[in-house]
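Asks: Before I ask anything, here is the structure I am working with.
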Amino acid sequence: MTSVSAIDRRVFLQGSGLVLAAPALIGSLGPAWGQGDPFSLGVASGDSLPDGFVIWTRLAPAPLSSDPNTPGGMSGGDRIIDFEIAADSGMRQIVRRGKALAEAIYAYSVHKVVRGLEPGRPYWYRFTSGAASSRIGRAMTMPKAGASVDRLRFAYVSCSNYELGYFSAYRHLREEAPDFVIFLGDYIYETVQPEGMTVRRHFDGVVPKDLADYRHRYEQYRLDPDLQDMHAAVPAFMTWDDHEVENDYADRWGPDFADPKVFLKRRAAAYRAFYEHMPLKPQLSLPHGPDMRVYDRFGFGDLAQFSLLDGRQYRSREACWARPDHGGAHQETDVHCPERLDSDRSMLGMRQEAWLYDGFAKSTARWNVIAQDVLMAHFREHDRSGEVAYWTDDWNGYPAARARLMRHIHDSKLANPVVLSGDIHSFWSNDLHLDADDEGSPVVASEFVGTSVTSNGPPEKLFGDFVKDNPHVHFFEARKRGYVSVDVTKERMTTRFQALSDVRDPKATVSTLKSFVIEDGQRGAVAV
């Protein structure tokens with residue numbers, strides 16, 4: 001008898017959703033769930049297209065199970081579950097029913113690609129297995145490519161350390177009902193904070209190194225009610241930064257620059273766990289050992305094109321890594337670190353760079369958004385001796401790559417380019433100049449950096465002093481946590497920095513800290 005695992009999973013996942021189970025699969029169709037909710041980790045949708053989207057869940061009747069051989073309390077072979085797509089939130093107008101595969105090799109996660117739907121509208125979905133039913137989630141198809149669209153609202157977030165606060169930002173973001181949310185990285189933290197510095201604890205108290213540990217970390221985050229509610233209500237697009245694997249890693253190098261073979265084994269486990277818990281297209285993002293593609297491009301009619309980048313997997317190693325007193329991210333002066341200026345260094349890798357520039361050349365959208373993980377603006381710091389220095393872990397460690405990017409945006413005459421960034425746990429509004437060292441050179445794009453969901457910000461006074469030497473930085477605030485909400489019309493883009501009252505309070509309130517407007521055809525943002 002042919003087993004489920006022998007079926008071509010990719011063909012199954014790409015099907016219409018109307019596939020009936022073969023007789024060999026009957027045993028997997030409707031398990032009698034005893035104790036435990038198989039849908040305890042919730043549902044999510046993402047990677048939306050004009051005719052469909054990905055819907056996600058993961059079967060886990062016993063999340064945080066201590067047995068690594070039974071992830072989420074599951075064992076045995078693959079499972080087949082049911083799904084429904086409806087045109088209404090009450091699930092009365094069913095437009096699609098079908099089967100979805102929960103793959104044992106990927107911790108019984110489901111990445112169901114649903115196609116053939118109407119463009120530019122919401123849908124609702126749920127999964128069932130036997131007598132168990134998931135909560136109802138909301139998904140959305142994108143408007144057709146080139147279709148006339150009047151407005152869009154989206155949000156973006158980064159840096160949610162479970163131990164340092166509650167996820168109130170996700171609750172308030174959900175209440176704004178954006179069309180989608182973009183995650184710019186550090187969805188989880190692999191670190192463990194010292195006693196006395198936490199609001200709540202990672203349950204196992206360990207720094208994850210293997211697949212079981214990373215799965216536990218995601219399970220704990222996915223059990224958070226604010227995060228779970230937000231995913232059920234708001235479609236998502238996902239990229240990563242460093243803490244999904246290890247702080248300050250670059251390509252095959254961890255921050256201690258130890259044996260790359262050891263690090264890549266850890267990266268493979270981390271990437272696989274990321275895939276297992278995100279609404280990603282398996283055709284694009286299925287992991288292959290330590291390799292997994294997340295960079296992608298999506299559009300919203302004729303209004304906006306988004307380039308979602310991967311700034312970790314393909315980048316050149318950290319500059320001047322071999323100095324014995326340095327590891328990972330650090331400050332460097334050009335006198336001590338000429339490698340920083342090497343023209344061959346890349347933040348994105350040459351293949352991703354070429355893909356990005358090709359997208360610029362072909363874009364016909366009114367607004368062109370580059371969503372990525374780390375600070376892009378040229379930023380002069382000072383080391384302890386007072387010398388001008390640069391941080392090696394963001395685009396300042398890769399100035400030649402930034403110069404190529406600015407040149408391509410400028411020469412392609414890309415309409416209304418805007419960069420979205422995270423990582424640095426603070427709000428920023430920056431001009432990006434064609435020549436980073438020349439404030440008089442043309443402004444090529446605007447950059448908006450979002451603060452963290454919970455993670456502590458950089459020293460406010462120290463960075464405030466740095467900002468004085470960077471006139472292209474028009475706004476900086478490191479003391480607030482929150483998210484960014486963006487409204488786009490054909491005439492303008494309005495960006496709101498949404499700040500929480502106190503991440504240590506699970507009932508934290510939110511307010512708009514600052515708003516900025518970019519008018520169509522203008523370079524540079526204006527505070528309003």
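Naming scheme: A, B, ... for chains in displayed order of the structure tokens; residues 1 onward per chain; ligands 1 onward as shown.
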I need the residues of segment 54-211 of chain A that end up classed as helix (DSSP H, G or I) by DSSP on the backbone, written out as a list in words.

Replies: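 Those residues are Pro71, Gly72, Gly73, Ala104, Ile105, Tyr106, Tyr162, Glu163, Leu164, Ser168, Ala169, Tyr170, Arg171, His172, Leu173, Arg174, Glu175 and Leu211 of chain A.
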
Asks: Filtering to N, CA and C atoms, could you give me those residues as a compact mmCIF listing (two decimals), in the first residue's frame?

Replies:
```txt
# COMPACT_ATOMS: atom_id res chain seq x y z
N PRO A 71 6.61 16.27 18.00
CA PRO A 71 6.44 17.73 17.98
C PRO A 71 4.98 18.11 18.14
N GLY A 72 4.72 18.96 19.12
CA GLY A 72 3.35 19.38 19.37
C GLY A 72 2.44 18.26 19.83
N GLY A 73 3.03 17.14 20.27
CA GLY A 73 2.23 16.00 20.69
C GLY A 73 1.79 15.11 19.54
N ALA A 104 4.39 15.50 8.28
CA ALA A 104 5.09 15.10 9.50
C ALA A 104 6.51 15.64 9.53
N ILE A 105 7.17 15.66 8.37
CA ILE A 105 8.56 16.11 8.33
C ILE A 105 8.69 17.58 8.72
N TYR A 106 7.62 18.35 8.53
CA TYR A 106 7.61 19.76 8.91
C TYR A 106 6.68 20.00 10.10
N TYR A 162 9.83 38.05 23.35
CA TYR A 162 8.78 37.59 24.27
C TYR A 162 9.10 37.95 25.71
N GLU A 163 10.36 37.88 26.09
CA GLU A 163 10.73 38.07 27.49
C GLU A 163 10.68 39.52 27.94
N LEU A 164 10.67 40.46 27.00
CA LEU A 164 10.78 41.87 27.37
C LEU A 164 9.47 42.64 27.37
N SER A 168 1.18 43.82 22.87
CA SER A 168 0.05 44.74 22.69
C SER A 168 0.08 45.40 21.31
N ALA A 169 1.28 45.57 20.76
CA ALA A 169 1.39 46.17 19.43
C ALA A 169 0.58 45.38 18.42
N TYR A 170 0.59 44.06 18.52
CA TYR A 170 -0.17 43.24 17.59
C TYR A 170 -1.67 43.45 17.76
N ARG A 171 -2.11 43.64 18.99
CA ARG A 171 -3.53 43.87 19.23
C ARG A 171 -3.98 45.17 18.57
N HIS A 172 -3.23 46.23 18.80
CA HIS A 172 -3.62 47.52 18.22
C HIS A 172 -3.48 47.54 16.71
N LEU A 173 -2.47 46.86 16.19
CA LEU A 173 -2.33 46.75 14.74
C LEU A 173 -3.55 46.06 14.14
N ARG A 174 -3.97 44.97 14.74
CA ARG A 174 -5.15 44.25 14.25
C ARG A 174 -6.38 45.15 14.24
N GLU A 175 -6.54 45.96 15.28
CA GLU A 175 -7.72 46.81 15.38
C GLU A 175 -7.75 47.87 14.29
N LEU A 211 16.60 21.72 16.13
CA LEU A 211 15.25 21.89 15.60
C LEU A 211 14.19 21.85 16.69
```

Asks: Which residues come within 9 Å of Phe180 of chain A, counting only C-alpha atoms, excluding same-chain residues fewer than 5 positions away, as a list of chain:residue names?

Replies: A:Gly46, A:Met140, A:Arg153, A:Phe154, A:Ala155, A:Tyr156, A:Val234, A:Pro235, A:Ala236, A:Phe237

Asks: Between A:Leu64, A:Leu49, A:Val157, A:Ala177, which is the closest to Tyr214 of chain A once you count only C-alpha atoms?

Replies: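 Looking at the shortest contact to Tyr214 of chain A, the residue is A:Leu64.
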
Asks: List every residue of segment 441-493 of chain A that DSSP, applied to the backbone of this structure, places in strand (DSSP E or B), and write the result as a list in words.

Replies: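 Written out, the strand (DSSP E or B) residues of segment 441-493 of chain A are Val443, Val444, Ala445, Ser446, Glu447, Phe448, Val449, Val473, His474, Phe475, Phe476, Glu477, Gly482, Tyr483, Val484, Ser485, Val486, Asp487, Val488, Thr489, Arg492 and Met493 of chain A.
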
Asks: To one decimal place in Å, what is the distance between atom CA of Glu195 of chain A and atom CA of Tyr249 of chain A?

Replies: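 Rounded to one decimal, the two atoms are 25.2 Å apart.
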
Asks: Which residues are close to Ser45 of chain A, i.e. within 8 Å by only C-alpha atoms, leaving aside same-chain residues fewer than 2 positions away? Reply as a ChimeraX atom specification.

Replies: /A:43,47-48,53-56,137-139,231-232,234-236,279

Asks: Kindly export the residues of the current selection with N, CA, C and O atoms, as a short mmCIF file (atom, residue, chain, number, x, y, z; two decimals), in the first residue's frame.

Replies:
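This is the output file result_19.cif:
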```
data_model
loop_
_atom_site.label_atom_id
_atom_site.label_comp_id
_atom_site.auth_asym_id
_atom_site.auth_seq_id
_atom_site.Cartn_x
_atom_site.Cartn_y
_atom_site.Cartn_z
N VAL A 43 -4.18 30.03 13.27
CA VAL A 43 -4.17 30.00 11.81
C VAL A 43 -3.53 31.29 11.32
O VAL A 43 -3.40 32.27 12.07
N ASP A 47 1.32 35.64 1.79
CA ASP A 47 1.81 35.51 0.41
C ASP A 47 0.67 35.66 -0.59
O ASP A 47 0.53 34.87 -1.55
N SER A 48 -0.14 36.70 -0.41
CA SER A 48 -1.34 36.88 -1.22
C SER A 48 -1.01 37.20 -2.67
O SER A 48 -0.05 37.91 -2.97
N PHE A 53 -3.99 32.84 -2.14
CA PHE A 53 -3.14 33.10 -0.98
C PHE A 53 -2.74 31.76 -0.37
O PHE A 53 -3.20 30.69 -0.79
N VAL A 54 -1.90 31.83 0.63
CA VAL A 54 -1.53 30.66 1.43
C VAL A 54 -2.28 30.71 2.75
O VAL A 54 -2.35 31.77 3.39
N ILE A 55 -2.87 29.60 3.15
CA ILE A 55 -3.44 29.50 4.49
C ILE A 55 -2.60 28.48 5.27
O ILE A 55 -2.19 27.46 4.75
N TRP A 56 -2.36 28.80 6.53
CA TRP A 56 -1.43 28.03 7.37
C TRP A 56 -2.10 27.59 8.67
O TRP A 56 -2.93 28.31 9.24
N GLY A 137 -10.20 32.36 10.14
CA GLY A 137 -9.22 33.36 9.78
C GLY A 137 -9.67 34.19 8.60
O GLY A 137 -10.55 33.77 7.84
N ARG A 138 -9.07 35.35 8.47
CA ARG A 138 -9.37 36.24 7.34
C ARG A 138 -8.17 36.29 6.41
O ARG A 138 -7.04 36.48 6.85
N ALA A 139 -8.41 36.10 5.13
CA ALA A 139 -7.38 36.21 4.11
C ALA A 139 -7.80 37.28 3.10
O ALA A 139 -8.90 37.85 3.20
N HIS A 231 -2.64 37.33 13.61
CA HIS A 231 -2.45 36.47 12.43
C HIS A 231 -3.77 35.99 11.85
O HIS A 231 -3.90 35.83 10.64
N ALA A 232 -4.74 35.73 12.71
CA ALA A 232 -6.04 35.27 12.22
C ALA A 232 -6.76 36.36 11.44
O ALA A 232 -7.57 36.05 10.55
N VAL A 234 -5.16 39.37 9.99
CA VAL A 234 -4.40 40.20 9.06
C VAL A 234 -3.45 39.33 8.23
O VAL A 234 -2.57 38.66 8.79
N PRO A 235 -3.61 39.30 6.91
CA PRO A 235 -2.66 38.57 6.06
C PRO A 235 -1.24 39.10 6.24
O PRO A 235 -1.04 40.29 6.52
N ALA A 236 -0.25 38.21 6.07
CA ALA A 236 1.12 38.57 6.38
C ALA A 236 2.07 38.28 5.22
O ALA A 236 1.85 37.35 4.44
N PRO A 279 3.08 31.49 7.02
CA PRO A 279 2.24 31.25 5.85
C PRO A 279 3.00 31.56 4.56
O PRO A 279 2.79 32.60 3.90
#
```

Asks: Between atom CA of Leu227 of chain A and atom CA of Lys281 of chain A, what is the distance in Å, rounded to a tenth?

Replies: 20.8 Å
